[in-house]
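For reference, query_6.txt (compact mmCIF, C-alpha atoms):
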# COMPACT_ATOMS: atom_id res chain seq x y z
CA MET U 152 0.00 0.00 0.00
CA ILE U 153 1.19 3.54 -0.65
CA THR U 154 1.77 5.99 2.19
CA LEU U 155 1.16 9.75 2.15
CA TYR U 156 3.18 11.91 4.52
CA ASP U 157 1.21 15.09 4.88
CA TYR U 158 -0.07 17.96 7.04
CA LEU U 159 -3.84 18.22 7.08
CA ASP U 160 -4.04 21.99 6.53
CA SER U 161 -1.64 21.85 3.55
CA GLY U 162 -3.27 22.62 0.21
CA ASN U 163 -0.37 20.88 -1.49
CA GLY U 164 -1.17 17.73 0.47
CA TYR U 165 -4.89 18.18 -0.13
CA LYS U 166 -4.31 17.96 -3.90
CA VAL U 167 -3.02 14.44 -3.46
CA ARG U 168 -5.78 13.43 -1.01
CA LEU U 169 -8.43 14.72 -3.41
CA LEU U 170 -7.01 12.79 -6.36
CA LEU U 171 -6.56 9.61 -4.32
CA ALA U 172 -10.18 9.84 -3.18
CA GLN U 173 -11.38 10.31 -6.75
CA LEU U 174 -9.22 7.46 -8.01
CA GLY U 175 -10.54 5.28 -5.20
CA THR U 176 -6.99 4.36 -4.22
CA PRO U 177 -6.52 3.23 -0.60
CA TYR U 178 -3.50 4.65 1.22
CA ARG U 179 -1.90 4.98 4.60
CA TYR U 180 -1.97 8.53 5.96
CA ILE U 181 0.79 9.81 8.22
CA GLU U 182 0.43 13.34 9.46
CA LEU U 183 3.49 15.40 10.36
CA ASP U 184 3.27 18.66 12.26
CA ILE U 185 5.27 20.93 9.98
CA LEU U 186 4.92 23.76 12.53
CA THR U 187 7.03 21.87 15.09
CA GLY U 188 9.64 20.61 12.64
CA GLU U 189 8.37 17.08 12.08
CA SER U 190 9.22 17.40 8.37
CA ARG U 191 12.83 18.29 9.25
CA THR U 192 13.74 15.29 11.39
CA PRO U 193 16.62 13.05 10.25
CA GLN U 194 14.11 10.28 9.56
CA PHE U 195 12.00 12.44 7.28
CA LEU U 196 14.98 14.12 5.60
CA ALA U 197 16.16 10.63 4.67
CA ARG U 198 12.90 10.30 2.71
CA ASN U 199 12.88 13.85 1.33
CA PRO U 200 16.11 15.86 1.65
CA ASN U 201 14.11 19.00 0.80
CA GLY U 202 12.15 18.55 4.05
CA ARG U 203 8.70 19.18 2.65
CA ILE U 204 5.34 17.48 2.62
CA PRO U 205 3.46 16.00 0.83
CA LEU U 206 5.61 12.95 0.19
CA LEU U 207 4.38 9.77 -1.43
CA GLU U 208 6.06 6.53 -0.36
CA LEU U 209 5.50 3.48 -2.51
CA ALA U 210 5.10 -0.01 -1.07
CA ASP U 211 8.73 -0.77 -1.98
CA GLY U 212 10.01 2.30 -0.10
CA ARG U 213 10.69 4.58 -3.04
CA CYS U 214 9.73 8.16 -2.21
CA LEU U 215 8.33 10.93 -4.39
CA PRO U 216 8.03 14.54 -3.18
CA GLU U 217 6.47 17.61 -4.92
CA SER U 218 2.69 17.64 -4.92
CA ASP U 219 2.25 18.19 -8.64
CA ALA U 220 4.75 15.45 -9.57
CA ILE U 221 2.78 13.12 -7.27
CA LEU U 222 -0.44 14.10 -9.05
CA TRP U 223 1.14 13.27 -12.40
CA TYR U 224 2.51 9.96 -11.13
CA LEU U 225 -0.87 8.88 -9.80
CA ALA U 226 -2.95 10.21 -12.67
CA GLU U 227 -0.97 9.31 -15.78
CA GLY U 228 -2.99 6.79 -17.77
CA THR U 229 -6.26 7.72 -16.03
CA ARG U 230 -9.06 10.12 -17.02
CA PHE U 231 -7.38 12.84 -14.93
CA VAL U 232 -4.57 13.40 -17.48
CA PRO U 233 -5.26 13.81 -21.21
CA SER U 234 -3.55 11.52 -23.68
CA GLU U 235 -3.00 14.15 -26.39
CA ARG U 236 0.52 15.58 -26.41
CA PHE U 237 -0.25 19.31 -26.40
CA GLU U 238 -2.96 18.94 -23.76
CA ARG U 239 -0.55 17.01 -21.54
CA ALA U 240 1.90 19.90 -21.80
CA GLN U 241 -0.92 22.31 -20.96
CA VAL U 242 -1.63 20.36 -17.78
CA LEU U 243 2.01 20.81 -16.81
CA GLN U 244 1.89 24.46 -17.86
CA TRP U 245 -0.89 25.13 -15.33
CA MET U 246 0.81 23.10 -12.62
CA PHE U 247 4.06 25.08 -13.09
CA PHE U 248 2.01 28.28 -13.11
CA GLU U 249 0.46 27.10 -9.85
CA GLN U 250 3.80 26.48 -8.14
CA TYR U 251 5.60 29.57 -9.45
CA SER U 252 3.00 32.32 -9.91
CA HIS U 253 0.11 31.23 -7.68
CA GLU U 254 1.13 29.22 -4.62
CA PRO U 255 3.75 31.69 -3.31
CA CYS U 256 1.21 34.54 -3.26
CA VAL U 257 -2.09 32.71 -2.63
CA ALA U 258 -1.00 29.93 -0.24
CA THR U 259 1.73 31.86 1.57
CA PRO U 260 -0.55 34.71 2.79
CA ARG U 261 -2.91 32.05 4.13
CA PHE U 262 -0.05 30.34 5.96
CA ILE U 263 1.14 33.63 7.43
CA MET U 264 -2.34 34.60 8.62
CA ARG U 265 -3.30 31.19 10.02
CA HIS U 266 -0.07 29.95 11.50
CA LEU U 267 2.34 32.81 12.29
CA PRO U 268 2.05 35.07 15.34
CA ALA U 269 0.42 38.48 14.96
CA ASP U 270 3.80 40.20 15.37
CA SER U 271 5.65 38.02 12.85
CA PRO U 272 7.89 40.16 10.61
CA ARG U 273 6.67 38.10 7.65
CA ARG U 274 3.33 39.91 7.92
CA THR U 275 5.00 42.89 6.28
CA ASP U 276 5.20 40.76 3.12
CA LEU U 277 1.40 40.45 2.91
CA PRO U 278 0.49 43.56 0.86
CA GLN U 279 2.98 42.74 -1.89
CA LEU U 280 1.98 39.06 -1.92
CA LEU U 281 -1.68 40.01 -2.28
CA VAL U 282 -0.89 42.25 -5.27
CA ARG U 283 0.95 39.39 -6.99
CA GLY U 284 -1.75 36.93 -6.00
CA ARG U 285 -4.40 39.08 -7.67
CA GLU U 286 -2.36 38.95 -10.87
CA ALA U 287 -2.39 35.14 -10.75
CA LEU U 288 -6.12 35.02 -9.99
CA GLY U 289 -6.68 37.41 -12.90
CA VAL U 290 -4.82 35.11 -15.27
CA MET U 291 -7.06 32.25 -14.15
CA GLU U 292 -10.23 34.35 -14.49
CA LYS U 293 -9.27 35.27 -18.04
CA HIS U 294 -8.51 31.66 -18.98
CA LEU U 295 -11.87 30.52 -17.62
CA ASP U 296 -13.79 33.15 -19.55
CA ARG U 297 -15.00 30.61 -22.09
CA ARG U 298 -13.92 27.35 -20.52
CA GLU U 299 -15.40 24.94 -18.00
CA PHE U 300 -12.07 23.46 -16.88
CA PHE U 301 -8.42 24.39 -17.32
CA VAL U 302 -7.38 21.91 -20.01
CA GLY U 303 -9.33 20.09 -22.73
CA GLU U 304 -12.74 20.92 -21.26
CA ARG U 305 -12.43 18.06 -18.83
CA TYR U 306 -11.81 18.04 -15.08
CA GLY U 307 -8.31 16.82 -14.29
CA ILE U 308 -5.17 17.34 -12.24
CA ALA U 309 -4.60 20.91 -13.47
CA ASP U 310 -7.95 21.77 -11.86
CA ILE U 311 -7.07 19.86 -8.71
CA ALA U 312 -3.68 21.60 -8.44
CA LEU U 313 -5.22 25.07 -8.83
CA TYR U 314 -8.32 24.40 -6.73
CA ALA U 315 -6.40 23.43 -3.60
CA TYR U 316 -5.31 26.92 -2.54
CA THR U 317 -7.72 28.99 -4.65
CA HIS U 318 -10.81 27.76 -2.82
CA VAL U 319 -9.35 28.92 0.50
CA ALA U 320 -7.68 32.06 -0.86
CA ALA U 321 -9.89 34.18 1.41
CA ASP U 322 -8.07 32.72 4.43
CA GLY U 323 -5.03 34.70 3.27
CA GLY U 324 -6.92 37.93 2.65
CA HIS U 325 -7.82 37.44 -1.02
CA ASP U 326 -11.31 38.57 -2.07
CA LEU U 327 -12.71 36.37 -4.86
CA ALA U 328 -15.71 38.64 -5.54
CA PRO U 329 -14.05 40.21 -8.63
CA TYR U 330 -13.60 36.77 -10.22
CA PRO U 331 -17.03 35.37 -11.15
CA LYS U 332 -15.72 32.80 -13.65
CA LEU U 333 -13.25 31.55 -11.10
CA ARG U 334 -16.00 31.20 -8.49
CA ALA U 335 -18.19 29.25 -10.92
CA TRP U 336 -15.24 26.95 -11.69
CA LEU U 337 -14.66 26.38 -7.95
CA GLN U 338 -18.27 25.22 -7.71
CA ARG U 339 -17.83 22.88 -10.69
CA VAL U 340 -14.75 21.34 -9.10
CA ALA U 341 -16.47 20.92 -5.73
CA ALA U 342 -19.38 19.18 -7.50
CA GLN U 343 -17.20 16.41 -8.97
CA PRO U 344 -17.90 12.86 -7.76
CA GLN U 345 -15.94 11.68 -4.72
CA HIS U 346 -14.92 15.21 -3.79
CA VAL U 347 -13.38 15.53 -0.33
CA LEU U 348 -12.76 18.62 1.79
CA LEU U 349 -9.42 20.18 2.70
CA LEU U 350 -9.70 19.46 6.41
CA GLU U 351 -11.40 16.08 5.99
CA ARG U 352 -9.08 13.63 7.70
CA PRO U 353 -8.44 10.49 5.64
CA SER U 354 -9.42 7.29 7.34
CA GLY U 355 -5.98 5.79 6.66
CA ARG U 356 -4.75 6.53 10.17
CA MET Y 99 8.18 25.92 -37.93
CA ILE Y 100 7.99 26.58 -34.19
CA THR Y 101 8.78 29.99 -32.72
CA LEU Y 102 10.44 30.71 -29.39
CA TYR Y 103 9.71 34.05 -27.72
CA ASP Y 104 12.55 34.59 -25.33
CA TYR Y 105 15.06 36.93 -23.67
CA LEU Y 106 18.66 35.94 -24.26
CA ASP Y 107 19.83 36.33 -20.65
CA SER Y 108 16.93 34.25 -19.29
CA GLY Y 109 17.96 30.89 -17.86
CA ASN Y 110 14.36 29.75 -18.29
CA GLY Y 111 14.60 30.51 -22.00
CA TYR Y 112 18.06 28.97 -22.18
CA LYS Y 113 16.64 25.63 -21.04
CA VAL Y 114 14.50 25.51 -24.16
CA ARG Y 115 17.30 26.70 -26.47
CA LEU Y 116 19.63 24.04 -25.08
CA LEU Y 117 17.10 21.24 -25.59
CA LEU Y 118 16.19 22.44 -29.09
CA ALA Y 119 19.88 22.48 -30.04
CA GLN Y 120 20.36 18.96 -28.70
CA LEU Y 121 17.23 17.71 -30.45
CA GLY Y 122 18.44 19.37 -33.67
CA THR Y 123 15.07 21.08 -34.05
CA PRO Y 124 15.07 24.26 -36.16
CA TYR Y 125 13.08 27.19 -34.79
CA ARG Y 126 12.42 30.86 -35.24
CA TYR Y 127 13.82 33.00 -32.42
CA ILE Y 128 12.12 36.23 -31.37
CA GLU Y 129 13.77 38.15 -28.59
CA LEU Y 130 11.72 40.40 -26.33
CA ASP Y 131 13.30 42.92 -24.00
CA ILE Y 132 11.61 42.00 -20.73
CA LEU Y 133 13.32 44.96 -19.04
CA THR Y 134 11.37 47.46 -21.15
CA GLY Y 135 8.03 45.65 -20.96
CA GLU Y 136 8.04 43.85 -24.30
CA SER Y 137 6.53 40.77 -22.62
CA ARG Y 138 3.63 42.88 -21.29
CA THR Y 139 2.37 44.36 -24.55
CA PRO Y 140 -1.23 43.60 -25.64
CA GLN Y 141 0.16 41.50 -28.51
CA PHE Y 142 2.25 39.33 -26.22
CA LEU Y 143 -0.39 39.10 -23.49
CA ALA Y 144 -2.72 37.69 -26.15
CA ARG Y 145 -0.20 34.85 -26.53
CA ASN Y 146 0.57 34.46 -22.81
CA PRO Y 147 -1.78 36.22 -20.37
CA ASN Y 148 0.82 35.66 -17.63
CA GLY Y 149 3.22 37.95 -19.53
CA ARG Y 150 6.32 35.80 -19.22
CA ILE Y 151 8.94 34.35 -21.52
CA PRO Y 152 9.86 31.78 -22.70
CA LEU Y 153 6.82 31.05 -24.82
CA LEU Y 154 6.69 28.37 -27.51
CA GLU Y 155 4.39 29.04 -30.46
CA LEU Y 156 3.54 26.12 -32.72
CA ALA Y 157 3.22 26.45 -36.48
CA ASP Y 158 -0.58 26.49 -36.10
CA GLY Y 159 -0.47 29.37 -33.62
CA ARG Y 160 -1.08 27.44 -30.39
CA CYS Y 161 1.05 28.83 -27.58
CA LEU Y 162 2.70 27.11 -24.62
CA PRO Y 163 4.32 29.06 -21.74
CA GLU Y 164 6.29 27.76 -18.71
CA SER Y 165 9.82 26.66 -19.49
CA ASP Y 166 9.59 23.25 -17.88
CA ALA Y 167 6.25 22.43 -19.56
CA ILE Y 168 7.88 23.38 -22.88
CA LEU Y 169 10.80 21.03 -22.11
CA TRP Y 170 8.35 18.19 -21.43
CA TYR Y 171 6.37 18.94 -24.59
CA LEU Y 172 9.48 18.89 -26.77
CA ALA Y 173 11.21 15.98 -25.05
CA GLU Y 174 8.42 13.46 -24.45
CA GLY Y 175 9.14 10.39 -26.55
CA THR Y 176 12.83 11.27 -26.98
CA ARG Y 177 15.92 10.14 -25.06
CA PHE Y 178 15.63 13.24 -22.86
CA VAL Y 179 12.61 11.87 -20.90
CA PRO Y 180 12.58 8.34 -19.46
CA SER Y 181 9.78 5.97 -20.41
CA GLU Y 182 9.46 4.32 -16.99
CA ARG Y 183 6.59 5.71 -14.91
CA PHE Y 184 8.40 6.45 -11.65
CA GLU Y 185 11.39 7.98 -13.42
CA ARG Y 186 9.06 10.22 -15.40
CA ALA Y 187 7.58 11.45 -12.12
CA GLN Y 188 11.09 12.01 -10.77
CA VAL Y 189 11.87 14.23 -13.76
CA LEU Y 190 8.83 16.31 -12.87
CA GLN Y 191 9.79 16.24 -9.19
CA TRP Y 192 13.11 17.92 -9.98
CA MET Y 193 11.51 20.40 -12.37
CA PHE Y 194 8.98 21.43 -9.71
CA PHE Y 195 11.83 21.63 -7.19
CA GLU Y 196 13.62 23.88 -9.67
CA GLN Y 197 10.70 26.26 -10.08
CA TYR Y 198 9.65 26.38 -6.41
CA SER Y 199 12.78 25.90 -4.30
CA HIS Y 200 15.63 26.81 -6.64
CA GLU Y 201 14.76 29.43 -9.27
CA PRO Y 202 13.32 32.03 -6.85
CA CYS Y 203 16.54 32.07 -4.80
CA VAL Y 204 19.21 31.20 -7.39
CA ALA Y 205 17.90 32.99 -10.49
CA THR Y 206 16.31 35.97 -8.72
CA PRO Y 207 19.54 37.16 -6.99
CA ARG Y 208 21.24 37.01 -10.38
CA PHE Y 209 18.46 39.10 -11.93
CA ILE Y 210 18.64 41.65 -9.10
CA MET Y 211 22.42 41.98 -9.36
CA ARG Y 212 22.62 42.10 -13.16
CA HIS Y 213 19.57 44.11 -14.09
CA LEU Y 214 18.34 46.26 -11.19
CA PRO Y 215 19.93 49.58 -10.16
CA ALA Y 216 22.38 49.62 -7.27
CA ASP Y 217 19.83 51.42 -5.09
CA SER Y 218 16.91 49.09 -5.86
CA PRO Y 219 14.98 48.24 -2.68
CA ARG Y 220 14.87 44.63 -3.89
CA ARG Y 221 18.57 44.34 -3.02
CA THR Y 222 17.53 44.09 0.62
CA ASP Y 223 16.04 40.69 -0.28
CA LEU Y 224 19.43 39.31 -1.31
CA PRO Y 225 20.75 37.95 2.02
CA GLN Y 226 17.58 35.94 2.69
CA LEU Y 227 17.44 34.68 -0.90
CA LEU Y 228 21.05 33.50 -0.69
CA VAL Y 229 20.32 31.55 2.51
CA ARG Y 230 17.40 29.77 0.84
CA GLY Y 231 19.40 29.26 -2.34
CA ARG Y 232 22.13 27.50 -0.38
CA GLU Y 233 19.51 25.11 0.97
CA ALA Y 234 18.45 24.26 -2.58
CA LEU Y 235 22.04 23.82 -3.75
CA GLY Y 236 22.64 21.58 -0.72
CA VAL Y 237 19.71 19.36 -1.68
CA MET Y 238 21.20 19.00 -5.17
CA GLU Y 239 24.70 18.29 -3.80
CA LYS Y 240 23.31 15.54 -1.59
CA HIS Y 241 21.34 13.98 -4.46
CA LEU Y 242 24.44 13.95 -6.69
CA ASP Y 243 26.57 12.28 -4.04
CA ARG Y 244 26.39 8.95 -5.82
CA ARG Y 245 24.76 9.88 -9.10
CA GLU Y 246 25.98 11.15 -12.44
CA PHE Y 247 22.70 12.78 -13.46
CA PHE Y 248 19.46 13.68 -11.68
CA VAL Y 249 17.19 10.86 -12.87
CA GLY Y 250 17.86 7.34 -14.09
CA GLU Y 251 21.62 7.90 -14.52
CA ARG Y 252 21.02 9.50 -17.87
CA TYR Y 253 21.24 13.13 -18.98
CA GLY Y 254 17.79 14.59 -19.61
CA ILE Y 255 15.47 17.52 -19.10
CA ALA Y 256 15.73 17.47 -15.30
CA ASP Y 257 19.44 18.18 -15.75
CA ILE Y 258 18.73 20.86 -18.35
CA ALA Y 259 16.16 22.55 -16.08
CA LEU Y 260 18.53 22.62 -13.11
CA TYR Y 261 21.67 23.47 -15.06
CA ALA Y 262 20.27 26.68 -16.56
CA TYR Y 263 20.52 28.85 -13.44
CA THR Y 264 22.91 26.73 -11.38
CA HIS Y 265 25.83 27.20 -13.77
CA VAL Y 266 25.53 30.98 -13.46
CA ALA Y 267 24.60 31.03 -9.76
CA ALA Y 268 27.78 33.00 -9.04
CA ASP Y 269 26.30 35.93 -10.98
CA GLY Y 270 23.81 36.27 -8.12
CA GLY Y 271 26.38 35.96 -5.35
CA HIS Y 272 26.28 32.20 -4.78
CA ASP Y 273 29.63 30.48 -4.17
CA LEU Y 274 29.69 26.95 -5.58
CA ALA Y 275 33.00 26.02 -3.93
CA PRO Y 276 31.23 24.05 -1.13
CA TYR Y 277 29.46 21.85 -3.68
CA PRO Y 278 32.06 19.64 -5.42
CA LYS Y 279 29.55 17.06 -6.69
CA LEU Y 280 27.42 19.82 -8.13
CA ARG Y 281 30.43 21.33 -9.90
CA ALA Y 282 31.39 17.95 -11.38
CA TRP Y 283 27.79 17.51 -12.61
CA LEU Y 284 27.89 20.99 -14.22
CA GLN Y 285 30.95 19.84 -16.15
CA ARG Y 286 29.22 16.64 -17.25
CA VAL Y 287 26.23 18.63 -18.50
CA ALA Y 288 28.44 21.11 -20.36
CA ALA Y 289 30.26 18.19 -22.02
CA GLN Y 290 27.11 16.77 -23.62
CA PRO Y 291 26.97 16.76 -27.43
CA GLN Y 292 25.45 19.85 -29.08
CA HIS Y 293 25.73 21.90 -25.90
CA VAL Y 294 25.14 25.62 -26.40
CA LEU Y 295 25.94 28.53 -24.11
CA LEU Y 296 23.48 30.76 -22.25
CA LEU Y 297 24.34 33.91 -24.17
CA GLU Y 298 24.82 32.17 -27.51
CA ARG Y 299 22.31 33.81 -29.81
CA PRO Y 300 20.35 31.29 -31.90
CA SER Y 301 20.69 31.75 -35.62
CA GLY Y 302 16.90 31.72 -36.05
CA ARG Y 303 16.71 35.50 -36.28
Taking this structure as input, can you express it in the form of structure tokens?
Amino acid sequence: MITLYDYLDSGNGYKVRLLLAQLGTPYRYIELDILTGESRTPQFLARNPNGRIPLLELADGRCLPESDAILWYLAEGTRFVPSERFERAQVLQWMFFEQYSHEPCVATPRFIMRHLPADSPRRTDLPQLLVRGREALGVMEKHLDRREFFVGERYGIADIALYAYTHVAADGGHDLAPYPKLRAWLQRVAAQPQHVLLLERPSGR
Amino acid sequence: MITLYDYLDSGNGYKVRLLLAQLGTPYRYIELDILTGESRTPQFLARNPNGRIPLLELADGRCLPESDAILWYLAEGTRFVPSERFERAQVLQWMFFEQYSHEPCVATPRFIMRHLPADSPRRTDLPQLLVRGREALGVMEKHLDRREFFVGERYGIADIALYAYTHVAADGGHDLAPYPKLRAWLQRVAAQPQHVLLLERPSGR
């Protein structure tokens, strides 16, 4: 059986939990408290030298970090990744967009506001992060202007990757009111069969 | 023929140029001056709403942004991407590592030092970026301890993606002396057939 090392409030981990639920794949769930350094212990660093969750461990012990690489690994050959060459590249395009242009300014404000003390110096980063986050949300809004899903008009891992932190962007101070297409897409994603919630604890452990 | 919209000093663009040279694929090269806003014009935003280079345009006009998605698009089915499922995911793992943990703190210091004025307020970010960049370089050094290349003991697009900004990390103030395995790997990458240099202008235009 595969094992997912994760932190329940992590949107990056949630991506993997959501896909696993929709694939119907059983897995063992091991939660690490990233706030107290449990992803930086020697034992965990032996599994992922970059010290980050989520991490997928296969039954034979091989380990795969990076949420979007895990999504690809689990989804390749299923209905969640297209088979056509250009569409496959577009899935990756949106997942790289998510990690480079979106996550650092949509997820990070949420982390700062939920998990760092009120006097944390990192709070001074918030205004600039929110400006950049609005740019990323605007790119998504524009793309969704005449589309139901991000790639090939079919729900897949590009949607999962982008949904994870977008649907809780308000936790970091983002206002989604100016993005009606984005809000409609969030509803379409949440309406997919076997959807699970971010803070829904897997039964694995 | 395909067209690459690019900026010559961009390591992200260089990744694509290096792969295209090694694939022997002819292409049209259009350079945009990102410093004067040429990647934010209405014409370019119509091609990439995120306003970034590199951008690959196919002969039929379809456009693909995100350097590492472009690498995957061009390399899938060639010797530069493995065919085995877990190795394919590992290639993506290292490309996501590159965009999330490496590029923002190895490429960005270089950009600040080469292209921003001496009194730019962004220079105050440099010390923190260099600390985080050293963590990323350390993860690479550890991975290369008993490996010749990043995935499957064969040169491929994970190496290309990581080489692009690592080999010029010193431009941003990083000292590679503490990373002997990394330096040996840089030499192996540079010794591959049909290697081209970062500032080597393609003959396409």
With distances taken over all atoms listed in the file, the candidate from U:Gly175, U:Gly162, U:Pro268, U:Gly289 nearest Tyr314 in chain U is U:Gly162
Select all residues from chain Y having any atom no more than 8 Å from an atom of chain U (counting only C-alpha atoms, ignoring ligands), output as a compact mmCIF listing (two decimals) with C-alpha atoms, keeping the file's coordinate frame.
# COMPACT_ATOMS: atom_id res chain seq x y z
CA PRO Y 147 -1.78 36.22 -20.37
CA ASN Y 148 0.82 35.66 -17.63
CA LEU Y 162 2.70 27.11 -24.62
CA PRO Y 163 4.32 29.06 -21.74
CA GLU Y 164 6.29 27.76 -18.71
CA ASP Y 166 9.59 23.25 -17.88
CA ALA Y 167 6.25 22.43 -19.56
CA ILE Y 168 7.88 23.38 -22.88
CA TRP Y 170 8.35 18.19 -21.43
CA TYR Y 171 6.37 18.94 -24.59
CA ARG Y 183 6.59 5.71 -14.91
CA PHE Y 184 8.40 6.45 -11.65
CA ARG Y 186 9.06 10.22 -15.40
CA ALA Y 187 7.58 11.45 -12.12
CA GLN Y 188 11.09 12.01 -10.77
CA LEU Y 190 8.83 16.31 -12.87
CA GLN Y 191 9.79 16.24 -9.19
CA PHE Y 194 8.98 21.43 -9.71
CA PHE Y 195 11.83 21.63 -7.19
CA GLN Y 197 10.70 26.26 -10.08
CA TYR Y 198 9.65 26.38 -6.41
CA ALA Y 234 18.45 24.26 -2.58
CA VAL Y 237 19.71 19.36 -1.68
CA LYS Y 240 23.31 15.54 -1.59
Six-sided padding of 5 Å per side, axis-aligned box over range 351-354 of chain U, centre and edges in Å, one decimal, as JSON:
{"center_x": -9.9, "center_y": 11.7, "center_z": 6.7, "size_x": 13.0, "size_y": 18.8, "size_z": 12.1}
Residues within 10 Å of range 256-258 of chain U, only C-alpha atoms, excluding chain neighbours under 5 positions, as a compact mmCIF listing (two decimals) with C-alpha atoms, in the coordinates of the input:
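Full text of result_2.txt as output:
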# COMPACT_ATOMS: atom_id res chain seq x y z
CA SER U 161 -1.64 21.85 3.55
CA GLY U 162 -3.27 22.62 0.21
CA ASN U 163 -0.37 20.88 -1.49
CA GLU U 249 0.46 27.10 -9.85
CA GLN U 250 3.80 26.48 -8.14
CA TYR U 251 5.60 29.57 -9.45
CA ILE U 263 1.14 33.63 7.43
CA ASP U 276 5.20 40.76 3.12
CA LEU U 277 1.40 40.45 2.91
CA PRO U 278 0.49 43.56 0.86
CA GLN U 279 2.98 42.74 -1.89
CA LEU U 280 1.98 39.06 -1.92
CA LEU U 281 -1.68 40.01 -2.28
CA VAL U 282 -0.89 42.25 -5.27
CA ARG U 283 0.95 39.39 -6.99
CA GLY U 284 -1.75 36.93 -6.00
CA ARG U 285 -4.40 39.08 -7.67
CA GLU U 286 -2.36 38.95 -10.87
CA ALA U 287 -2.39 35.14 -10.75
CA LEU U 288 -6.12 35.02 -9.99
CA ALA U 315 -6.40 23.43 -3.60
CA TYR U 316 -5.31 26.92 -2.54
CA THR U 317 -7.72 28.99 -4.65
CA VAL U 319 -9.35 28.92 0.50
CA ALA U 320 -7.68 32.06 -0.86
CA ALA U 321 -9.89 34.18 1.41
CA ASP U 322 -8.07 32.72 4.43
CA GLY U 323 -5.03 34.70 3.27
CA GLY U 324 -6.92 37.93 2.65
CA HIS U 325 -7.82 37.44 -1.02
List every protein, DNA or RNA residue with an atom no more than 10 Å from (-7.6, 10.5, -4.3) in the file's coordinates, counting all atoms listed in the file, and format the result as a VMD selection string.
chain U and resid 165 to 178 222 225 to 226 345 to 347 353
In Å, how far is it from CA of Met99 in chain Y to CA of Glu298 in chain Y?
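Interatomic distance, CA of Met99 in chain Y to CA of Glu298 in chain Y: 20.6 Å.
Rounded to one decimal, CA of Ile258 in chain Y and CA of Pro193 in chain U lie 29.7 Å from each other.
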Enter the distance from CA of Asp273 in chain Y to CA of Glu251 in chain Y, in Å, rounded to one decimal.
26.1 Å
Would you mind listing what lies within 7 Å of range 242-247 of chain Y as an MDAnalysis selection string, with only C-alpha atoms counted and same-chain residues fewer than 6 positions away left out?
chainID Y and resid 253 257 279:280 283
Shell around range 183-186 of chain U at 10 Å using all atoms listed in the file, local window under 3 positions removed, as a VMD selection string
chain U and resid 156 to 161 180 189 to 191 195 202 to 205 266 to 267
Using the selection just defined, write its residues with C-alpha atoms as a PDB file, in the coordinates of the input.
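Everything below was put into part26.pdb:
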ATOM      1  CA  TYR U 156       3.180  11.910   4.520  1.00  0.00           C
ATOM      2  CA  ASP U 157       1.210  15.090   4.880  1.00  0.00           C
ATOM      3  CA  TYR U 158      -0.070  17.960   7.040  1.00  0.00           C
ATOM      4  CA  LEU U 159      -3.840  18.220   7.080  1.00  0.00           C
ATOM      5  CA  ASP U 160      -4.040  21.990   6.530  1.00  0.00           C
ATOM      6  CA  SER U 161      -1.640  21.850   3.550  1.00  0.00           C
ATOM      7  CA  TYR U 180      -1.970   8.530   5.960  1.00  0.00           C
ATOM      8  CA  GLU U 189       8.370  17.080  12.080  1.00  0.00           C
ATOM      9  CA  SER U 190       9.220  17.400   8.370  1.00  0.00           C
ATOM     10  CA  ARG U 191      12.830  18.290   9.250  1.00  0.00           C
ATOM     11  CA  PHE U 195      12.000  12.440   7.280  1.00  0.00           C
ATOM     12  CA  GLY U 202      12.150  18.550   4.050  1.00  0.00           C
ATOM     13  CA  ARG U 203       8.700  19.180   2.650  1.00  0.00           C
ATOM     14  CA  ILE U 204       5.340  17.480   2.620  1.00  0.00           C
ATOM     15  CA  PRO U 205       3.460  16.000   0.830  1.00  0.00           C
ATOM     16  CA  HIS U 266      -0.070  29.950  11.500  1.00  0.00           C
ATOM     17  CA  LEU U 267       2.340  32.810  12.290  1.00  0.00           C
TER      18      LEU U 267
END
